[in-house]
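Colleague: To be precise about what I am sending: the file is called target.cif and holds mmCIF, C-alpha atoms.
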data_model
loop_
_atom_site.group_PDB
_atom_site.id
_atom_site.type_symbol
_atom_site.label_atom_id
_atom_site.label_comp_id
_atom_site.auth_asym_id
_atom_site.auth_seq_id
_atom_site.Cartn_x
_atom_site.Cartn_y
_atom_site.Cartn_z
ATOM 1 C CA MET G 582 87.050 68.887 118.352
ATOM 2 C CA ASN G 583 90.767 67.900 118.035
ATOM 3 C CA THR G 584 90.181 67.055 114.383
ATOM 4 C CA LYS G 585 89.018 70.614 113.694
ATOM 5 C CA ILE G 586 92.123 72.012 115.398
ATOM 6 C CA GLN G 587 94.329 69.731 113.279
ATOM 7 C CA TYR G 588 92.852 71.244 110.117
ATOM 8 C CA LEU G 589 92.638 74.847 111.334
ATOM 9 C CA LEU G 590 96.159 75.110 112.729
ATOM 10 C CA PRO G 591 97.930 74.832 109.342
ATOM 11 C CA LEU G 592 95.447 77.315 107.875
ATOM 12 C CA ILE G 593 96.173 79.821 110.648
ATOM 13 C CA VAL G 594 99.935 79.393 110.228
ATOM 14 C CA LEU G 595 99.606 79.880 106.456
ATOM 15 C CA THR G 596 97.514 83.030 106.967
ATOM 16 C CA PHE G 597 100.050 84.567 109.340
ATOM 17 C CA SER G 598 102.912 83.624 107.037
ATOM 18 C CA THR G 599 101.178 85.341 104.132
ATOM 19 C CA ILE G 600 100.573 88.493 106.179
ATOM 20 C CA ILE G 601 104.171 88.621 107.375
ATOM 21 C CA SER G 602 105.589 88.013 103.901
ATOM 22 C CA SER G 603 103.447 90.771 102.381
ATOM 23 C CA CYS G 604 104.861 93.219 104.916
ATOM 24 C CA SER G 605 108.419 92.202 104.219
ATOM 25 C CA SER G 606 107.873 92.448 100.443
ATOM 26 C CA GLY G 607 107.828 96.224 100.911
ATOM 27 C CA ASP G 608 111.439 96.107 102.138
ATOM 28 C CA ILE G 609 112.984 99.476 101.429
ATOM 29 C CA SER G 610 116.633 98.747 102.022
ATOM 30 C CA ASP G 611 118.090 98.171 98.560
ATOM 31 C CA ASN G 612 115.597 98.994 95.839
ATOM 32 C CA THR G 613 116.748 101.031 92.849
ATOM 33 C CA ILE G 614 115.258 102.712 89.819
ATOM 34 C CA SER G 615 116.486 101.988 86.321
ATOM 35 C CA GLU G 616 118.274 104.565 84.178
ATOM 36 C CA GLN G 617 115.336 104.516 81.766
ATOM 37 C CA GLN G 618 112.909 105.521 84.538
ATOM 38 C CA GLN G 619 115.263 108.189 85.838
ATOM 39 C CA ASN G 620 115.482 109.889 82.460
ATOM 40 C CA SER G 621 111.853 109.477 81.346
ATOM 41 C CA SER G 622 110.418 112.523 83.110
ATOM 42 C CA VAL G 623 110.511 116.255 82.627
ATOM 43 C CA SER G 624 113.053 118.145 84.751
ATOM 44 C CA PRO G 625 111.740 119.962 87.827
ATOM 45 C CA GLN G 626 111.413 123.715 87.916
ATOM 46 C CA SER G 627 112.633 125.796 90.841
ATOM 47 C CA GLU G 628 110.598 126.115 94.015
ATOM 48 C CA ASN G 629 108.745 129.392 94.562
ATOM 49 C CA SER G 630 109.406 130.001 98.248
ATOM 50 C CA ALA G 631 107.694 133.411 98.340
ATOM 51 C CA THR G 632 104.269 131.847 97.791
ATOM 52 C CA ASN G 633 105.095 128.485 99.409
ATOM 53 C CA GLN G 634 104.267 126.593 96.213
ATOM 54 C CA THR G 635 106.307 124.039 94.360
ATOM 55 C CA SER G 636 106.190 123.719 90.629
ATOM 56 C CA PRO G 637 103.530 121.378 89.290
ATOM 57 C CA ALA G 638 105.931 120.236 86.559
ATOM 58 C CA GLN G 639 106.563 116.516 86.635
ATOM 59 C CA THR G 640 109.663 115.603 88.594
ATOM 60 C CA PRO G 641 111.780 112.547 87.831
ATOM 61 C CA ILE G 642 112.366 110.102 90.663
ATOM 62 C CA SER G 643 116.144 110.367 90.434
ATOM 63 C CA THR G 644 117.428 112.897 92.970
ATOM 64 C CA SER G 645 121.021 112.897 91.745
ATOM 65 C CA SER G 646 120.420 115.200 88.772
ATOM 66 C CA GLN G 647 118.368 117.725 90.731
ATOM 67 C CA ASN G 648 121.232 119.365 92.626
ATOM 68 C CA THR G 649 122.583 122.113 90.383
ATOM 69 C CA SER G 650 124.493 124.024 93.083
ATOM 70 C CA GLY G 651 126.243 120.989 94.548
ATOM 71 C CA GLN G 652 125.138 122.004 98.040
ATOM 72 C CA THR G 653 123.187 119.702 100.312
ATOM 73 C CA THR G 654 121.080 120.106 103.407
ATOM 74 C CA LYS G 655 119.994 117.625 106.056
ATOM 75 C CA VAL G 656 116.345 116.614 106.270
ATOM 76 C CA THR G 657 114.544 113.966 108.263
ATOM 77 C CA LEU G 658 113.074 111.145 106.177
ATOM 78 C CA TYR G 659 110.659 108.702 107.767
ATOM 79 C CA THR G 660 110.722 105.077 106.686
ATOM 80 C CA ILE G 661 108.842 102.032 107.928
ATOM 81 C CA ASP G 662 110.501 99.615 110.349
ATOM 82 C CA ASP G 663 110.998 95.900 109.642
ATOM 83 C CA GLN G 664 107.791 94.923 111.468
ATOM 84 C CA CYS G 665 105.707 97.470 109.536
ATOM 85 C CA GLN G 666 104.618 99.079 112.789
ATOM 86 C CA ASP G 667 106.363 102.450 113.125
ATOM 87 C CA LEU G 668 107.879 105.161 110.976
ATOM 88 C CA ILE G 669 111.512 105.666 111.917
ATOM 89 C CA PRO G 670 113.219 109.070 111.451
ATOM 90 C CA LYS G 671 116.534 109.177 109.634
ATOM 91 C CA GLN G 672 118.658 112.244 108.873
ATOM 92 C CA THR G 673 119.856 112.315 105.277
ATOM 93 C CA ASP G 674 121.480 114.783 102.909
ATOM 94 C CA VAL G 675 119.440 116.069 99.983
ATOM 95 C CA SER G 676 119.853 118.836 97.432
ATOM 96 C CA ALA G 677 119.729 122.278 99.029
ATOM 97 C CA ASP G 678 118.142 123.608 95.810
ATOM 98 C CA GLU G 679 114.811 121.812 96.339
ATOM 99 C CA PRO G 680 114.979 119.762 99.548
ATOM 100 C CA MET G 681 111.286 118.815 99.669
ATOM 101 C CA LYS G 682 111.304 117.464 96.104
ATOM 102 C CA ALA G 683 114.565 115.620 96.766
ATOM 103 C CA ALA G 684 113.085 114.042 99.920
ATOM 104 C CA ILE G 685 109.984 112.904 98.014
ATOM 105 C CA GLY G 686 112.228 111.438 95.307
ATOM 106 C CA LYS G 687 114.335 109.529 97.843
ATOM 107 C CA ILE G 688 111.248 107.969 99.437
ATOM 108 C CA LEU G 689 109.821 106.980 96.043
ATOM 109 C CA GLU G 690 113.178 105.441 95.067
ATOM 110 C CA THR G 691 113.023 103.206 98.130
ATOM 111 C CA GLN G 692 109.476 102.103 97.311
ATOM 112 C CA SER G 693 110.118 101.149 93.695
ATOM 113 C CA ASN G 694 110.770 97.437 93.288
ATOM 114 C CA GLY G 695 110.346 94.778 90.631
ATOM 115 C CA ASP G 696 106.545 94.926 90.769
ATOM 116 C CA LEU G 697 105.879 98.616 91.402
ATOM 117 C CA SER G 698 107.905 101.352 89.787
ATOM 118 C CA PHE G 699 107.429 105.087 89.497
ATOM 119 C CA ALA G 700 108.275 107.218 86.484
ATOM 120 C CA GLY G 701 107.893 110.512 88.302
ATOM 121 C CA TYR G 702 105.593 112.723 90.294
ATOM 122 C CA ARG G 703 104.252 116.239 90.597
ATOM 123 C CA ALA G 704 104.297 118.061 93.915
ATOM 124 C CA SER G 705 102.698 121.318 94.938
ATOM 125 C CA VAL G 706 101.995 123.068 98.226
ATOM 126 C CA ASN G 707 99.118 125.487 98.592
ATOM 127 C CA ASN G 708 98.060 126.971 101.952
ATOM 128 C CA GLY G 709 99.828 124.222 103.895
ATOM 129 C CA VAL G 710 98.320 121.371 101.849
ATOM 130 C CA ALA G 711 100.817 119.353 99.820
ATOM 131 C CA THR G 712 99.519 117.399 96.839
ATOM 132 C CA ILE G 713 101.691 114.632 95.438
ATOM 133 C CA ASP G 714 100.555 113.325 92.063
ATOM 134 C CA LEU G 715 102.256 109.980 91.462
ATOM 135 C CA ARG G 716 103.093 108.557 88.041
ATOM 136 C CA THR G 717 103.614 104.820 87.802
ATOM 137 C CA ALA G 718 105.974 103.657 85.107
ATOM 138 C CA PRO G 719 104.375 102.034 82.042
ATOM 139 C CA GLU G 720 106.305 98.824 82.762
ATOM 140 C CA SER G 721 105.071 98.648 86.377
ATOM 141 C CA LYS G 722 103.475 95.255 86.976
ATOM 142 C CA ARG G 723 101.334 96.441 89.898
ATOM 143 C CA PRO G 724 99.111 99.478 90.251
ATOM 144 C CA ILE G 725 99.211 101.696 93.328
ATOM 145 C CA GLY G 726 95.785 100.319 94.279
ATOM 146 C CA GLY G 727 97.329 96.845 94.554
ATOM 147 C CA LEU G 728 99.573 97.718 97.516
ATOM 148 C CA SER G 729 99.224 95.773 100.735
ATOM 149 C CA THR G 730 98.402 97.666 103.923
ATOM 150 C CA CYS G 731 102.046 97.528 104.954
ATOM 151 C CA GLU G 732 103.193 98.845 101.569
ATOM 152 C CA GLN G 733 100.650 101.670 101.778
ATOM 153 C CA ILE G 734 102.009 102.698 105.179
ATOM 154 C CA ALA G 735 105.565 102.462 103.861
ATOM 155 C CA LEU G 736 104.793 104.691 100.872
ATOM 156 C CA PHE G 737 102.074 107.114 101.904
ATOM 157 C CA GLY G 738 102.852 107.179 105.618
ATOM 158 C CA SER G 739 106.529 107.873 104.920
ATOM 159 C CA LEU G 740 105.728 110.701 102.525
ATOM 160 C CA ARG G 741 103.097 112.229 104.822
ATOM 161 C CA LYS G 742 105.267 112.081 107.956
ATOM 162 C CA THR G 743 108.359 113.372 106.133
ATOM 163 C CA LEU G 744 106.558 116.379 104.663
ATOM 164 C CA THR G 745 104.645 117.351 107.795
ATOM 165 C CA SER G 746 107.599 116.856 110.165
ATOM 166 C CA ASN G 747 110.068 119.120 108.355
ATOM 167 C CA ALA G 748 108.753 122.399 109.798
ATOM 168 C CA SER G 749 110.477 124.713 107.309
ATOM 169 C CA TRP G 750 108.230 123.373 104.516
ATOM 170 C CA ASN G 751 105.035 124.517 106.302
ATOM 171 C CA VAL G 752 103.092 121.398 105.257
ATOM 172 C CA LYS G 753 100.134 120.612 107.517
ATOM 173 C CA GLU G 754 98.342 118.064 105.338
ATOM 174 C CA VAL G 755 99.291 115.775 102.425
ATOM 175 C CA ARG G 756 96.971 114.612 99.648
ATOM 176 C CA PHE G 757 97.825 111.926 97.097
ATOM 177 C CA THR G 758 96.651 111.605 93.526
ATOM 178 C CA GLU G 759 97.545 109.363 90.622
ATOM 179 C CA GLN G 760 97.519 111.240 87.329
ATOM 180 C CA GLY G 761 95.103 113.764 88.836
ATOM 181 C CA GLU G 762 92.686 111.234 90.377
ATOM 182 C CA GLU G 763 92.534 111.379 94.170
ATOM 183 C CA LEU G 764 93.773 108.273 95.990
ATOM 184 C CA VAL G 765 91.674 107.328 99.017
ATOM 185 C CA PHE G 766 92.807 104.847 101.650
#
Can you give me the file's structure in the form of structure tokens?
Modeller:
Amino acid sequence: MNTKIQYLLPLIVLTFSTIISSCSSGDISDNTISEQQQNSSVSPQSENSATNQTSPAQTPISTSSQNTSGQTTKVTLYTIDDQCQDLIPKQTDVSADEPMKAAIGKILETQSNGDLSFAGYRASVNNGVATIDLRTAPESKRPIGGLSTCEQIALFGSLRKTLTSNASWNVKEVRFTEQGEELVF
């Protein structure tokens, strides 16, 4: 019996180490997007607040070029904690012109890393249902379907919680697609 434990113990330690390292690989603290990715998408169009719909035009990930008035507003972004257990709220300034699109862009910026990178996205809201259509960059080494559970929570959980928690956006539900194809988790 002790012989089995001697062989199983290293295997268990290796398994836990792999799980922990996959969660920490989604670290969102200092990831950036290259200039090429920032400029590779079509510019966003203005939000139509009267019908509560955002433009379906593809939006670049960079949020810096989206603020034409120079004014900002505070929104609450939700990001995953270091243990990949909870989404933590954080107040941040975004463009007052299109705060929801700017918030989505900020979250996607934090999720882009050396293996997974986004070229842009499309966002629309219809009857309280937000649809975010993600566009991975051609040079992305990993597809969205290759994300670990922790990375999925960091990306999709952050987007969902951010959009539904900012009451002024009237988002009750969030759907995700990749180039029009629904993503199911």
Colleague: Can you list what the PyMOL selection byres ((chain G and resi 673) around 10) grabs from this structure, as a PDB file with C-alpha atoms, in the coordinates of the input?
Modeller:
ATOM      1  CA  THR G 653     123.187 119.702 100.312  1.00  0.00           C
ATOM      2  CA  THR G 654     121.080 120.106 103.407  1.00  0.00           C
ATOM      3  CA  LYS G 655     119.994 117.625 106.056  1.00  0.00           C
ATOM      4  CA  VAL G 656     116.345 116.614 106.270  1.00  0.00           C
ATOM      5  CA  THR G 657     114.544 113.966 108.263  1.00  0.00           C
ATOM      6  CA  LEU G 658     113.074 111.145 106.177  1.00  0.00           C
ATOM      7  CA  PRO G 670     113.219 109.070 111.451  1.00  0.00           C
ATOM      8  CA  LYS G 671     116.534 109.177 109.634  1.00  0.00           C
ATOM      9  CA  GLN G 672     118.658 112.244 108.873  1.00  0.00           C
ATOM     10  CA  ASP G 674     121.480 114.783 102.909  1.00  0.00           C
ATOM     11  CA  VAL G 675     119.440 116.069  99.983  1.00  0.00           C
ATOM     12  CA  ALA G 684     113.085 114.042  99.920  1.00  0.00           C
ATOM     13  CA  LYS G 687     114.335 109.529  97.843  1.00  0.00           C
TER      14      LYS G 687
END
Colleague: What is the CA of Arg716 (chain G)-CA of Arg703 (chain G) distance in Å, reported with one decimal?
Modeller: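 Result for CA of Arg716 (chain G) versus CA of Arg703 (chain G): 8.2 Å, one decimal.
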Colleague: Which of these, G:Arg723, G:Gln733, G:Gly738, G:Tyr702, has the shortest distance to Thr758 (chain G) once you count only C-alpha atoms?
Modeller: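 Among the listed residues, G:Tyr702 lies closest to Thr758 (chain G).
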Colleague: Pick the closest to Glu754 (chain G) from G:Val706, G:Gln652, G:Ala700, G:Thr730: which is it, counting only C-alpha atoms?
Modeller: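 Ranked by minimum distance to Glu754 (chain G), first place goes to G:Val706.
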Colleague: Residue by residue, what does the PyMOL selection byres ((chain G and resi 726) around 10) grab here? Present the result as a list in words.
Modeller: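 Checked against the file, the PyMOL selection byres ((chain G and resi 726) around 10) matches Arg723, Pro724, Ile725, Gly727, Leu728, Ser729, Gln733, Glu759, Leu764, Val765 and Phe766 of chain G.
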Colleague: To one decimal place in Å, what is the distance between CA of Asp678 (chain G) and CA of Gly651 (chain G)?
Modeller: 8.6 Å
Colleague: Just to confirm, what's the straight-line distance from CA of Asn708 (chain G) to CA of Gln760 (chain G) in Å (one decimal)?
Modeller: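 Answer for the CA of Asn708 (chain G) to CA of Gln760 (chain G) separation: 21.5 Å.
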Colleague: Check the smallest atom-to-atom distance from each of G:Cys665, G:Ala677, G:Ala735, G:Ala683 to Ala704 (chain G) using only C-alpha atoms, then report the winner.
Modeller: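 Of G:Cys665, G:Ala677, G:Ala735, G:Ala683, the one nearest Ala704 (chain G) is G:Ala683, counting only C-alpha atoms.
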